[in-house]
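Text of the file my_file_37.csv, holding CSV, C-alpha atoms and all ligand atoms:
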```csv
chain,number,residue,atom,x,y,z
A,1,MET,CA,22.3,1.4,3.8
A,2,SER,CA,21.1,-2.0,2.5
A,3,GLN,CA,19.6,-2.1,-0.9
A,4,LYS,CA,15.8,-2.1,-1.4
A,5,GLN,CA,14.4,-5.6,-2.1
A,6,ILE,CA,12.1,-5.4,-5.0
A,7,ALA,CA,10.0,-8.2,-6.4
A,8,VAL,CA,8.2,-8.2,-9.8
A,9,TYR,CA,4.7,-9.8,-9.7
A,10,PRO,CA,3.8,-10.4,-13.4
A,11,GLY,CA,0.6,-11.5,-14.9
A,12,SER,CA,-2.5,-10.6,-17.0
A,13,PHE,CA,-4.5,-9.0,-14.1
A,14,ASP,CA,-7.6,-8.9,-16.4
A,15,PRO,CA,-8.8,-7.8,-13.9
A,16,ILE,CA,-7.1,-7.8,-10.5
A,17,THR,CA,-8.9,-9.9,-7.9
A,18,TYR,CA,-8.7,-10.4,-4.1
A,19,GLY,CA,-6.6,-13.4,-4.8
A,20,HIS,CA,-3.9,-11.2,-6.5
A,21,LEU,CA,-4.2,-8.6,-3.7
A,22,ASP,CA,-3.6,-11.2,-1.1
A,23,ILE,CA,-0.3,-12.2,-2.8
A,24,ILE,CA,0.6,-8.5,-3.0
A,25,GLU,CA,-0.1,-7.8,0.6
A,26,ARG,CA,1.8,-10.9,1.8
A,27,GLY,CA,4.6,-10.0,-0.6
A,28,LEU,CA,4.9,-6.7,1.1
A,29,GLU,CA,5.7,-8.5,4.3
A,30,VAL,CA,8.8,-9.9,2.6
A,31,PHE,CA,9.8,-7.3,0.1
A,32,ASP,CA,10.2,-3.5,0.3
A,33,GLU,CA,8.5,-2.9,-3.0
A,34,ILE,CA,6.3,-4.9,-5.4
A,35,VAL,CA,6.1,-4.1,-9.0
A,36,VAL,CA,2.8,-5.4,-10.4
A,37,ALA,CA,3.6,-5.9,-14.1
A,38,VAL,CA,0.8,-6.3,-16.6
A,39,ALA,CA,2.0,-8.3,-19.6
A,40,GLN,CA,1.3,-6.8,-22.9
A,41,ASN,CA,0.3,-9.9,-24.9
A,42,ILE,CA,-0.8,-9.3,-28.4
A,43,ASP,CA,-2.1,-12.9,-28.8
A,44,LYS,CA,-4.3,-12.7,-25.7
A,45,LYS,CA,-7.2,-10.4,-26.1
A,46,GLY,CA,-8.4,-9.3,-22.7
A,47,LEU,CA,-11.6,-7.7,-21.4
A,48,PHE,CA,-9.7,-4.6,-20.1
A,49,THR,CA,-7.0,-2.8,-21.9
A,50,THR,CA,-3.6,-2.8,-20.3
A,51,ALA,CA,-4.0,0.8,-19.3
A,52,GLU,CA,-7.3,0.0,-17.6
A,53,ARG,CA,-5.8,-2.9,-15.8
A,54,VAL,CA,-2.9,-0.7,-14.5
A,55,SER,CA,-5.3,1.9,-13.2
A,56,LEU,CA,-7.5,-0.8,-11.6
A,57,ILE,CA,-4.4,-2.1,-9.8
A,58,ARG,CA,-3.5,1.4,-8.6
A,59,ALA,CA,-7.0,1.9,-7.3
A,60,ALA,CA,-7.1,-1.6,-5.7
A,61,VAL,CA,-3.9,-0.9,-3.7
A,62,ASN,CA,-5.0,2.6,-2.7
A,63,ASP,CA,-1.9,4.1,-4.4
A,64,ASN,CA,0.3,2.4,-1.8
A,65,PRO,CA,3.7,3.9,-2.4
A,66,ARG,CA,5.4,0.5,-2.0
A,67,VAL,CA,3.4,-0.9,-4.9
A,68,LYS,CA,4.1,0.1,-8.4
A,69,ALA,CA,1.8,-0.8,-11.3
A,70,ASP,CA,3.3,-1.0,-14.7
A,71,THR,CA,3.2,-2.8,-18.1
A,72,PHE,CA,6.0,-4.7,-19.8
A,73,GLU,CA,6.6,-6.3,-23.2
A,74,GLY,CA,9.4,-8.5,-24.3
A,75,LEU,CA,11.3,-10.9,-22.0
A,76,LEU,CA,10.1,-10.8,-18.4
A,77,VAL,CA,13.6,-11.5,-17.0
A,78,ASP,CA,15.0,-8.4,-18.9
A,79,TYR,CA,12.3,-6.3,-17.4
A,80,VAL,CA,13.0,-7.7,-13.9
A,81,VAL,CA,16.7,-6.7,-14.2
A,82,ALA,CA,15.8,-3.3,-15.5
A,83,GLN,CA,13.6,-2.7,-12.5
A,84,GLY,CA,16.6,-3.4,-10.2
A,85,ALA,CA,14.9,-6.6,-9.0
A,86,ARG,CA,16.1,-10.2,-8.7
A,87,VAL,CA,12.8,-11.9,-7.8
A,88,ILE,CA,9.7,-12.9,-9.8
A,89,LEU,CA,6.8,-13.4,-7.5
A,90,ARG,CA,4.0,-15.8,-8.6
A,91,GLY,CA,1.0,-17.3,-6.9
A,92,LEU,CA,0.1,-21.0,-6.8
A,93,ARG,CA,-3.4,-22.2,-6.5
A,94,ALA,CA,-4.2,-25.8,-7.6
A,95,VAL,CA,-1.8,-28.5,-8.6
A,96,SER,CA,-2.8,-27.7,-12.1
A,97,ASP,CA,-0.9,-24.4,-11.9
A,98,PHE,CA,2.3,-26.2,-11.1
A,99,GLU,CA,3.4,-27.7,-14.4
A,100,TYR,CA,3.0,-24.4,-16.3
A,101,GLU,CA,4.8,-22.4,-13.6
A,102,PHE,CA,7.6,-24.9,-13.3
A,103,GLN,CA,8.3,-24.7,-17.0
A,104,ILE,CA,8.3,-20.9,-17.1
A,105,ALA,CA,10.4,-20.6,-14.0
A,106,GLN,CA,13.0,-23.0,-15.4
A,107,MET,CA,13.1,-21.1,-18.7
A,108,ASN,CA,13.5,-17.8,-16.9
A,109,HIS,CA,16.2,-19.1,-14.8
A,110,ASN,CA,18.1,-20.4,-17.8
A,111,LEU,CA,17.7,-17.0,-19.5
A,112,ARG,CA,19.0,-15.0,-16.5
A,113,ARG,CA,20.7,-17.0,-13.7
A,114,GLU,CA,20.5,-14.2,-11.2
A,115,VAL,CA,16.7,-14.0,-11.4
A,116,GLU,CA,14.8,-16.3,-9.0
A,117,THR,CA,11.1,-17.1,-9.1
A,118,LEU,CA,9.4,-17.4,-5.7
A,119,PHE,CA,6.0,-18.9,-5.2
A,120,MET,CA,3.4,-18.0,-2.6
A,121,MET,CA,0.6,-20.5,-1.9
A,122,THR,CA,-2.9,-19.0,-2.3
A,123,SER,CA,-4.8,-18.3,0.9
A,124,VAL,CA,-7.5,-20.8,1.4
A,125,PRO,CA,-10.5,-18.5,0.6
A,126,TYR,CA,-9.0,-17.6,-2.8
A,127,GLY,CA,-8.0,-21.1,-3.9
A,128,TYR,CA,-10.5,-21.2,-6.7
A,129,LEU,CA,-10.5,-17.6,-7.5
A,130,SER,CA,-9.3,-16.5,-11.0
A,131,SER,CA,-9.9,-13.5,-13.2
A,132,SER,CA,-11.6,-15.8,-15.8
A,133,ILE,CA,-14.1,-17.1,-13.3
A,134,VAL,CA,-14.9,-13.6,-12.1
A,135,LYS,CA,-15.4,-12.4,-15.7
A,136,GLU,CA,-17.7,-15.4,-16.4
A,137,VAL,CA,-19.9,-14.7,-13.4
A,138,ALA,CA,-19.9,-10.9,-14.0
A,139,SER,CA,-20.9,-11.4,-17.7
A,140,LEU,CA,-23.9,-13.3,-16.5
A,141,HIS,CA,-24.7,-10.6,-14.0
A,142,GLY,CA,-23.9,-12.7,-11.0
A,143,PRO,CA,-22.5,-11.2,-7.8
A,144,VAL,CA,-18.7,-10.7,-7.7
A,145,GLU,CA,-18.4,-8.1,-5.0
A,146,THR,CA,-16.8,-10.6,-2.5
A,147,LEU,CA,-14.2,-11.6,-5.2
A,148,VAL,CA,-12.8,-8.2,-6.4
A,149,PRO,CA,-12.1,-4.8,-4.9
A,150,PRO,CA,-14.8,-2.1,-5.2
A,151,PRO,CA,-13.2,-0.2,-8.2
A,152,VAL,CA,-13.0,-3.5,-10.2
A,153,HIS,CA,-16.6,-4.4,-9.3
A,154,LYS,CA,-17.7,-1.0,-10.7
A,155,ALA,CA,-15.6,-1.4,-13.8
A,156,LEU,CA,-17.0,-4.9,-14.4
A,157,THR,CA,-20.6,-3.7,-13.9
A,158,GLU,CA,-20.0,-0.9,-16.5
A,159,LYS,CA,-18.4,-3.3,-19.0
A,160,TYR,CA,-21.2,-5.8,-18.9
A,161,SER,CA,-24.1,-3.3,-18.4
A,162,ARG,CA,-24.7,-3.1,-22.2
A,163,SER,CA,-25.4,-6.9,-22.3
A,164,ARG,CA,-27.9,-6.8,-19.4
A,165,PRO,CA,-31.0,-8.9,-20.3
A,166,ARG,CA,-34.3,-7.1,-20.2
A,201,LIG,P1,-1.3,-15.2,-15.8
A,201,LIG,O1,-2.1,-15.0,-17.1
A,201,LIG,O2,0.2,-14.9,-16.0
A,201,LIG,O3,-1.5,-16.5,-15.1
A,201,LIG,P2,-2.9,-13.9,-13.8
A,201,LIG,O4,-3.3,-12.5,-13.8
A,201,LIG,O5,-4.0,-14.9,-14.0
A,201,LIG,O6,-1.8,-14.0,-14.9
A,201,LIG,O7,-2.2,-14.3,-12.5
A,201,LIG,C1,-1.0,-13.7,-12.1
A,201,LIG,C2,-0.4,-14.5,-10.9
A,201,LIG,O8,-1.3,-14.4,-9.8
A,201,LIG,C3,-0.1,-15.9,-11.2
A,201,LIG,O9,1.0,-16.3,-10.6
A,201,LIG,C4,-1.3,-16.6,-10.6
A,201,LIG,O10,-1.0,-18.0,-10.3
A,201,LIG,C5,-1.5,-15.8,-9.4
A,201,LIG,N1,-2.9,-15.8,-8.9
A,201,LIG,C6,-4.1,-15.5,-9.6
A,201,LIG,N2,-5.1,-15.7,-8.8
A,201,LIG,C7,-4.7,-16.2,-7.6
A,201,LIG,C8,-5.3,-16.6,-6.3
A,201,LIG,N3,-6.6,-16.6,-6.2
A,201,LIG,N4,-4.5,-16.9,-5.3
A,201,LIG,C9,-3.1,-16.9,-5.5
A,201,LIG,N5,-2.5,-16.6,-6.6
A,201,LIG,C10,-3.2,-16.2,-7.7
```

Final structure tokens representation of the file:
Amino acid sequence: MSQKQIAVYPGSFDPITYGHLDIIERGLEVFDEIVVAVAQNIDKKGLFTTAERVSLIRAAVNDNPRVKADTFEGLLVDYVVAQGARVILRGLRAVSDFEYEFQIAQMNHNLRREVETLFMMTSVPYGYLSSSIVKEVASLHGPVETLVPPPVHKALTEKYSRSRPR
């Protein structure tokens, strides 16, 4: 039997958006399993805790058995190898993503030769979609239901309901 092809899709996912989901769904056309890995970054304070982000990812993929949601700390390449994977999956939107991604991909490749980073271009409707822009609009009580899956929409509404203007 051939080995299962696993890709690790790392990021902040604070929170997961339809842009991320699009990469996951397209990734599943290529890989047997995708591990969506939330980075535990002590320097970067997020809106959602890592545990909340993981449960929102699970809800967003409807507990698809081919998608695993997890957290990691330390070197990504070590985590990738520990997962039995050889591929890091990342999404690319604007040209502005390129320089940062290029630097990280090169560093990761230097750290572990056997790990490759593969990039998927965003689908046109999600080209300008990011977790930060979603949070900004949601914090101002703007509509975000076309940008994030229903459980995320609900969680954002709850997070920001305390600051609703009267
Ligand atoms: P990070 O903080 O590591 O950039 P993010 O959660 O913002 O984490 O993004 C994780 C990955 O998903 C990155 O590769 C990012 O480029 C990609 N991504 C985010 N939004 C989109 C989108 N709308 N279309 C395609 N890829 C996206």

How would you report the residues lying within 8 Å of ligand LIG 201 (chain A), as a VMD selection string, if you count only C-alpha atoms and all ligand atoms?
chain A and resid 9 to 20 22 to 23 38 to 39 89 to 93 97 101 119 to 123 126 to 132

Just how far from CA of Asn62 in chain A is CA of Val148 in chain A, in Å to one decimal?
13.8 Å

Nearest candidate to Val54 in chain A (options A:Ser2, A:Val152, A:Glu158, A:Glu136; using all atoms listed in the file):
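Ranking A:Ser2, A:Val152, A:Glu158, A:Glu136 by distance to Val54 in chain A, first place goes to A:Val152.
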
Select, from A:Ile34, A:Leu156, A:Leu28, A:Val87, the residue with the minimum atom-to-atom distance to Arg113 in chain A, counting all atoms listed in the file.
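Answer, going by the shortest atom-to-atom distance: A:Val87.
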
As an exercise, work out the distance from CA of Thr71 in chain A to CA of Glu52 in chain A in Å and give it to one decimal place.
10.9 Å

So how far away is CA of Gly27 in chain A from CA of Ala7 in chain A, in Å?
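Distance between the two atoms: 8.1 Å.
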
Within 9 Å of Val61 in chain A, counting only C-alpha atoms, which residues qualify if same-chain residues fewer than 6 places away don't, as a PyMOL selection string?
chain A and resi 21+24-25+67

For Phe31 in chain A, which residue among A:Ala105, A:Leu75, A:Arg112, A:Leu118 is the nearest when counting only C-alpha atoms?
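So, comparing all the options, the nearest one is A:Leu118.
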
Looking at A:Leu76, A:Ile133, A:Ala94, A:Ala59, which one is nearest to Leu111 in chain A, with distances taken over all atoms listed in the file?
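Closest to Leu111 in chain A of all the choices is A:Leu76.
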
I need the residue nearest Val80 in chain A from this list: A:Val134, A:Glu116, A:Leu47, A:Ile42. Use all atoms listed in the file for the distance.
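Using all atoms listed in the file, the shortest distance to Val80 in chain A belongs to A:Glu116.
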